[in-house]
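Dumped input-v2.pdb below, it's PDB, C-alpha atoms:
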ATOM      1  CA  MET A   9       9.693 -32.454  14.295  1.00  0.00           C
ATOM      2  CA  GLU A  10      10.546 -28.825  13.633  1.00  0.00           C
ATOM      3  CA  MET A  11      11.085 -26.905  10.393  1.00  0.00           C
ATOM      4  CA  GLN A  12      12.426 -23.360   9.924  1.00  0.00           C
ATOM      5  CA  SER A  13      11.320 -21.241   6.988  1.00  0.00           C
ATOM      6  CA  GLU A  14      10.835 -17.682   5.779  1.00  0.00           C
ATOM      7  CA  MET A  15       7.481 -16.471   4.571  1.00  0.00           C
ATOM      8  CA  GLY A  16       7.213 -13.456   2.274  1.00  0.00           C
ATOM      9  CA  VAL A  17       4.406 -11.915   4.316  1.00  0.00           C
ATOM     10  CA  SER A  18       3.931  -9.429   7.116  1.00  0.00           C
ATOM     11  CA  HIS A  19       2.273 -10.546  10.349  1.00  0.00           C
ATOM     12  CA  VAL A  20      -0.961  -8.804   9.297  1.00  0.00           C
ATOM     13  CA  VAL A  21      -1.085 -10.716   5.990  1.00  0.00           C
ATOM     14  CA  PHE A  22      -0.211 -13.984   7.770  1.00  0.00           C
ATOM     15  CA  PHE A  23      -3.187 -13.713  10.125  1.00  0.00           C
ATOM     16  CA  ARG A  24      -5.513 -12.590   7.314  1.00  0.00           C
ATOM     17  CA  SER A  25      -4.445 -15.589   5.216  1.00  0.00           C
ATOM     18  CA  LEU A  26      -5.128 -18.071   8.043  1.00  0.00           C
ATOM     19  CA  ALA A  27      -8.836 -17.546   7.389  1.00  0.00           C
ATOM     20  CA  GLN A  28      -8.357 -19.086   3.923  1.00  0.00           C
ATOM     21  CA  LEU A  29      -7.266 -22.462   5.343  1.00  0.00           C
ATOM     22  CA  PRO A  30      -9.871 -25.245   5.468  1.00  0.00           C
ATOM     23  CA  GLU A  31     -12.450 -24.963   8.209  1.00  0.00           C
ATOM     24  CA  GLY A  32     -11.373 -26.565  11.478  1.00  0.00           C
ATOM     25  CA  TRP A  33      -7.614 -26.343  10.897  1.00  0.00           C
ATOM     26  CA  VAL A  34      -7.005 -23.197  12.959  1.00  0.00           C
ATOM     27  CA  GLN A  35      -7.522 -24.000  16.631  1.00  0.00           C
ATOM     28  CA  GLN A  36      -5.894 -20.993  18.283  1.00  0.00           C
ATOM     29  CA  THR A  37      -4.199 -17.774  17.266  1.00  0.00           C
ATOM     30  CA  ARG A  38      -1.678 -15.913  19.384  1.00  0.00           C
ATOM     31  CA  GLU A  39       0.273 -12.718  18.897  1.00  0.00           C
ATOM     32  CA  ASP A  40       3.282 -14.823  17.846  1.00  0.00           C
ATOM     33  CA  GLY A  41       1.524 -17.421  15.684  1.00  0.00           C
ATOM     34  CA  ALA A  42      -1.132 -20.103  15.676  1.00  0.00           C
ATOM     35  CA  THR A  43      -1.915 -23.716  16.508  1.00  0.00           C
ATOM     36  CA  LEU A  44      -3.505 -25.829  13.779  1.00  0.00           C
ATOM     37  CA  THR A  45      -4.824 -29.390  13.626  1.00  0.00           C
ATOM     38  CA  TYR A  46      -4.434 -31.671  10.632  1.00  0.00           C
ATOM     39  CA  ALA A  47      -4.867 -35.434  10.117  1.00  0.00           C
ATOM     40  CA  GLY A  48      -5.149 -36.086  13.855  1.00  0.00           C
ATOM     41  CA  GLY A  49      -1.934 -34.194  14.648  1.00  0.00           C
ATOM     42  CA  ALA A  50      -1.013 -30.633  15.496  1.00  0.00           C
ATOM     43  CA  ILE A  51       1.122 -27.909  13.974  1.00  0.00           C
ATOM     44  CA  GLU A  52       2.363 -25.002  16.036  1.00  0.00           C
ATOM     45  CA  ILE A  53       3.419 -22.032  13.928  1.00  0.00           C
ATOM     46  CA  ILE A  54       5.707 -19.534  15.640  1.00  0.00           C
ATOM     47  CA  LEU A  55       6.339 -16.204  13.949  1.00  0.00           C
ATOM     48  CA  GLY A  56       9.669 -14.464  14.329  1.00  0.00           C
ATOM     49  CA  LYS A  57      10.230 -10.729  14.170  1.00  0.00           C
ATOM     50  CA  GLU A  58       8.820  -9.127  11.031  1.00  0.00           C
ATOM     51  CA  CYS A  59      11.660  -8.176   8.671  1.00  0.00           C
ATOM     52  CA  GLU A  60      12.092  -6.336   5.409  1.00  0.00           C
ATOM     53  CA  ARG A  61      14.252  -6.803   2.327  1.00  0.00           C
ATOM     54  CA  ARG A  62      15.121  -3.768   0.261  1.00  0.00           C
ATOM     55  CA  LEU A  63      15.779  -3.944  -3.446  1.00  0.00           C
ATOM     56  CA  GLY A  64      16.437  -0.376  -4.478  1.00  0.00           C
ATOM     57  CA  LEU A  65      13.212   1.464  -3.679  1.00  0.00           C
ATOM     58  CA  ILE A  66      11.214  -1.755  -3.293  1.00  0.00           C
ATOM     59  CA  ARG A  67      10.575  -3.042   0.220  1.00  0.00           C
ATOM     60  CA  LEU A  68       9.460  -6.641   0.666  1.00  0.00           C
ATOM     61  CA  PRO A  69       8.245  -7.942   4.026  1.00  0.00           C
ATOM     62  CA  TYR A  70       9.223 -11.374   5.281  1.00  0.00           C
ATOM     63  CA  THR A  71       8.900 -13.247   8.532  1.00  0.00           C
ATOM     64  CA  PRO A  72      11.032 -16.104   9.892  1.00  0.00           C
ATOM     65  CA  VAL A  73       8.671 -18.951  10.823  1.00  0.00           C
ATOM     66  CA  THR A  74       9.037 -22.137  12.844  1.00  0.00           C
ATOM     67  CA  PHE A  75       6.681 -25.055  12.214  1.00  0.00           C
ATOM     68  CA  ARG A  76       6.483 -27.650  15.022  1.00  0.00           C
ATOM     69  CA  TYR A  77       4.714 -30.842  14.007  1.00  0.00           C
ATOM     70  CA  THR A  78       3.261 -33.303  16.506  1.00  0.00           C
ATOM     71  CA  GLY A  79       1.625 -36.626  15.667  1.00  0.00           C
ATOM     72  CA  LEU A  80       2.034 -36.433  11.877  1.00  0.00           C
ATOM     73  CA  SER A  81       3.787 -38.855   9.546  1.00  0.00           C
ATOM     74  CA  ASP A  82       6.303 -37.595   6.992  1.00  0.00           C
ATOM     75  CA  GLN A  83       3.649 -37.869   4.263  1.00  0.00           C
ATOM     76  CA  GLU A  84       1.068 -36.003   6.361  1.00  0.00           C
ATOM     77  CA  ARG A  85       3.595 -33.218   7.050  1.00  0.00           C
ATOM     78  CA  GLU A  86       4.373 -32.976   3.350  1.00  0.00           C
ATOM     79  CA  ASN A  87       0.664 -32.906   2.413  1.00  0.00           C
ATOM     80  CA  PHE A  88      -0.043 -30.241   5.028  1.00  0.00           C
ATOM     81  CA  GLN A  89       2.881 -28.078   3.974  1.00  0.00           C
ATOM     82  CA  THR A  90       1.906 -28.275   0.293  1.00  0.00           C
ATOM     83  CA  ARG A  91      -1.664 -27.131   1.068  1.00  0.00           C
ATOM     84  CA  PHE A  92      -0.466 -24.479   3.527  1.00  0.00           C
ATOM     85  CA  ASN A  93       2.037 -23.066   1.014  1.00  0.00           C
ATOM     86  CA  LEU A  94      -0.616 -22.874  -1.719  1.00  0.00           C
ATOM     87  CA  THR A  95      -2.846 -20.857   0.602  1.00  0.00           C
ATOM     88  CA  PHE A  96      -0.062 -18.381   1.368  1.00  0.00           C
ATOM     89  CA  GLN A  97       1.326 -18.181  -2.177  1.00  0.00           C
ATOM     90  CA  ARG A  98       1.269 -14.691  -3.636  1.00  0.00           C
ATOM     91  CA  GLY A  99       1.005 -14.050  -7.339  1.00  0.00           C
ATOM     92  CA  GLY A 100       2.629 -11.267  -9.255  1.00  0.00           C
ATOM     93  CA  GLY A 101       2.177  -9.897 -12.631  1.00  0.00           C
TER      94      GLY A 101
END
Full structure transcribed into C-alpha cells:
Amino acid sequence: MEMQSEMGVSHVVFFRSLAQLPEGWVQQTREDGATLTYAGGAIEIILGKECERRLGLIRLPYTPVTFRYTGLSDQERENFQTRFNLTFQRGGG
C-alpha cells in the first residue's frame, strides 16, 4: 500500500527527527528517504523535492512524501502513522 502526504519540514529537519523514533525502527537512510521496520513489516519513506510556501514575508518549508507499506495490516499502518506523526509534529506559540 502507498500513501502520499506533505510534511512541513525541510530534508535536514526530516533526517534529524528520524533519530527521535523508537530504537530499531530506522533500518536505512538514503539521500531521498529512509526504510523503517515496524510490527514485522516495512515502511519505505521517499522524499520529494524540498519546497517552500510563502505567506507574505514568511517562508515555510514542506516536502512531498510517499510512504510505501509492506506486510502491515490497516491497524498497524494506522498505529505507525499516528506515532510517526507525533514525532514529526511541530509546536508553535
Taking into account all atoms listed in the file, which residue in the set A:Leu65, A:Met9, A:Ala50, A:Leu55 is nearest to Arg38 in chain A?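 Closest candidate: A:Leu55.
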Write out as a list in words the residues lying within 12 Å of range 78-83 of chain A, counting all atoms listed in the file and excluding same-chain residues fewer than 3 positions away. Met9, Glu10, Met11, Thr43, Leu44, Thr45, Tyr46, Ala47, Gly48, Gly49, Ala50, Ile51, Glu52, Ile53, Phe75, Glu86, Asn87, Phe88, Gln89 and Thr90 of chain A
Any chance you could work out the residue set of the PyMOL selection byres ((chain A and resi 56) around 10) here, as a PDB file with C-alpha atoms, in the frame of the given file?
ATOM      1  CA  GLU A  14      10.835 -17.682   5.779  1.00  0.00           C
ATOM      2  CA  HIS A  19       2.273 -10.546  10.349  1.00  0.00           C
ATOM      3  CA  ASP A  40       3.282 -14.823  17.846  1.00  0.00           C
ATOM      4  CA  GLY A  41       1.524 -17.421  15.684  1.00  0.00           C
ATOM      5  CA  ILE A  53       3.419 -22.032  13.928  1.00  0.00           C
ATOM      6  CA  ILE A  54       5.707 -19.534  15.640  1.00  0.00           C
ATOM      7  CA  LEU A  55       6.339 -16.204  13.949  1.00  0.00           C
ATOM      8  CA  LYS A  57      10.230 -10.729  14.170  1.00  0.00           C
ATOM      9  CA  GLU A  58       8.820  -9.127  11.031  1.00  0.00           C
ATOM     10  CA  CYS A  59      11.660  -8.176   8.671  1.00  0.00           C
ATOM     11  CA  TYR A  70       9.223 -11.374   5.281  1.00  0.00           C
ATOM     12  CA  THR A  71       8.900 -13.247   8.532  1.00  0.00           C
ATOM     13  CA  PRO A  72      11.032 -16.104   9.892  1.00  0.00           C
ATOM     14  CA  VAL A  73       8.671 -18.951  10.823  1.00  0.00           C
ATOM     15  CA  THR A  74       9.037 -22.137  12.844  1.00  0.00           C
TER      16      THR A  74
END
CA of Glu39 in chain A to CA of Val20 in chain A, distance in Å rounded to a single decimal: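 CA of Val20 in chain A lies 10.4 Å from CA of Glu39 in chain A.
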Coordinates-based distance that separates CA of Ser13 in chain A from CA of Arg85 in chain A (Å, one decimal):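 These atoms are spaced 14.3 Å apart.
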What is the CA of Gln36 in chain A-CA of Leu68 in chain A distance in Å, reported with one decimal?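 A separation of 27.4 Å between them.
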May I ask which of the residues A:Gln28, A:Tyr77, A:Ile66, A:Glu60 is the closest one to Gly16 in chain A, counting all atoms listed in the file?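 For Gly16 in chain A, the nearest of the candidates is A:Glu60.
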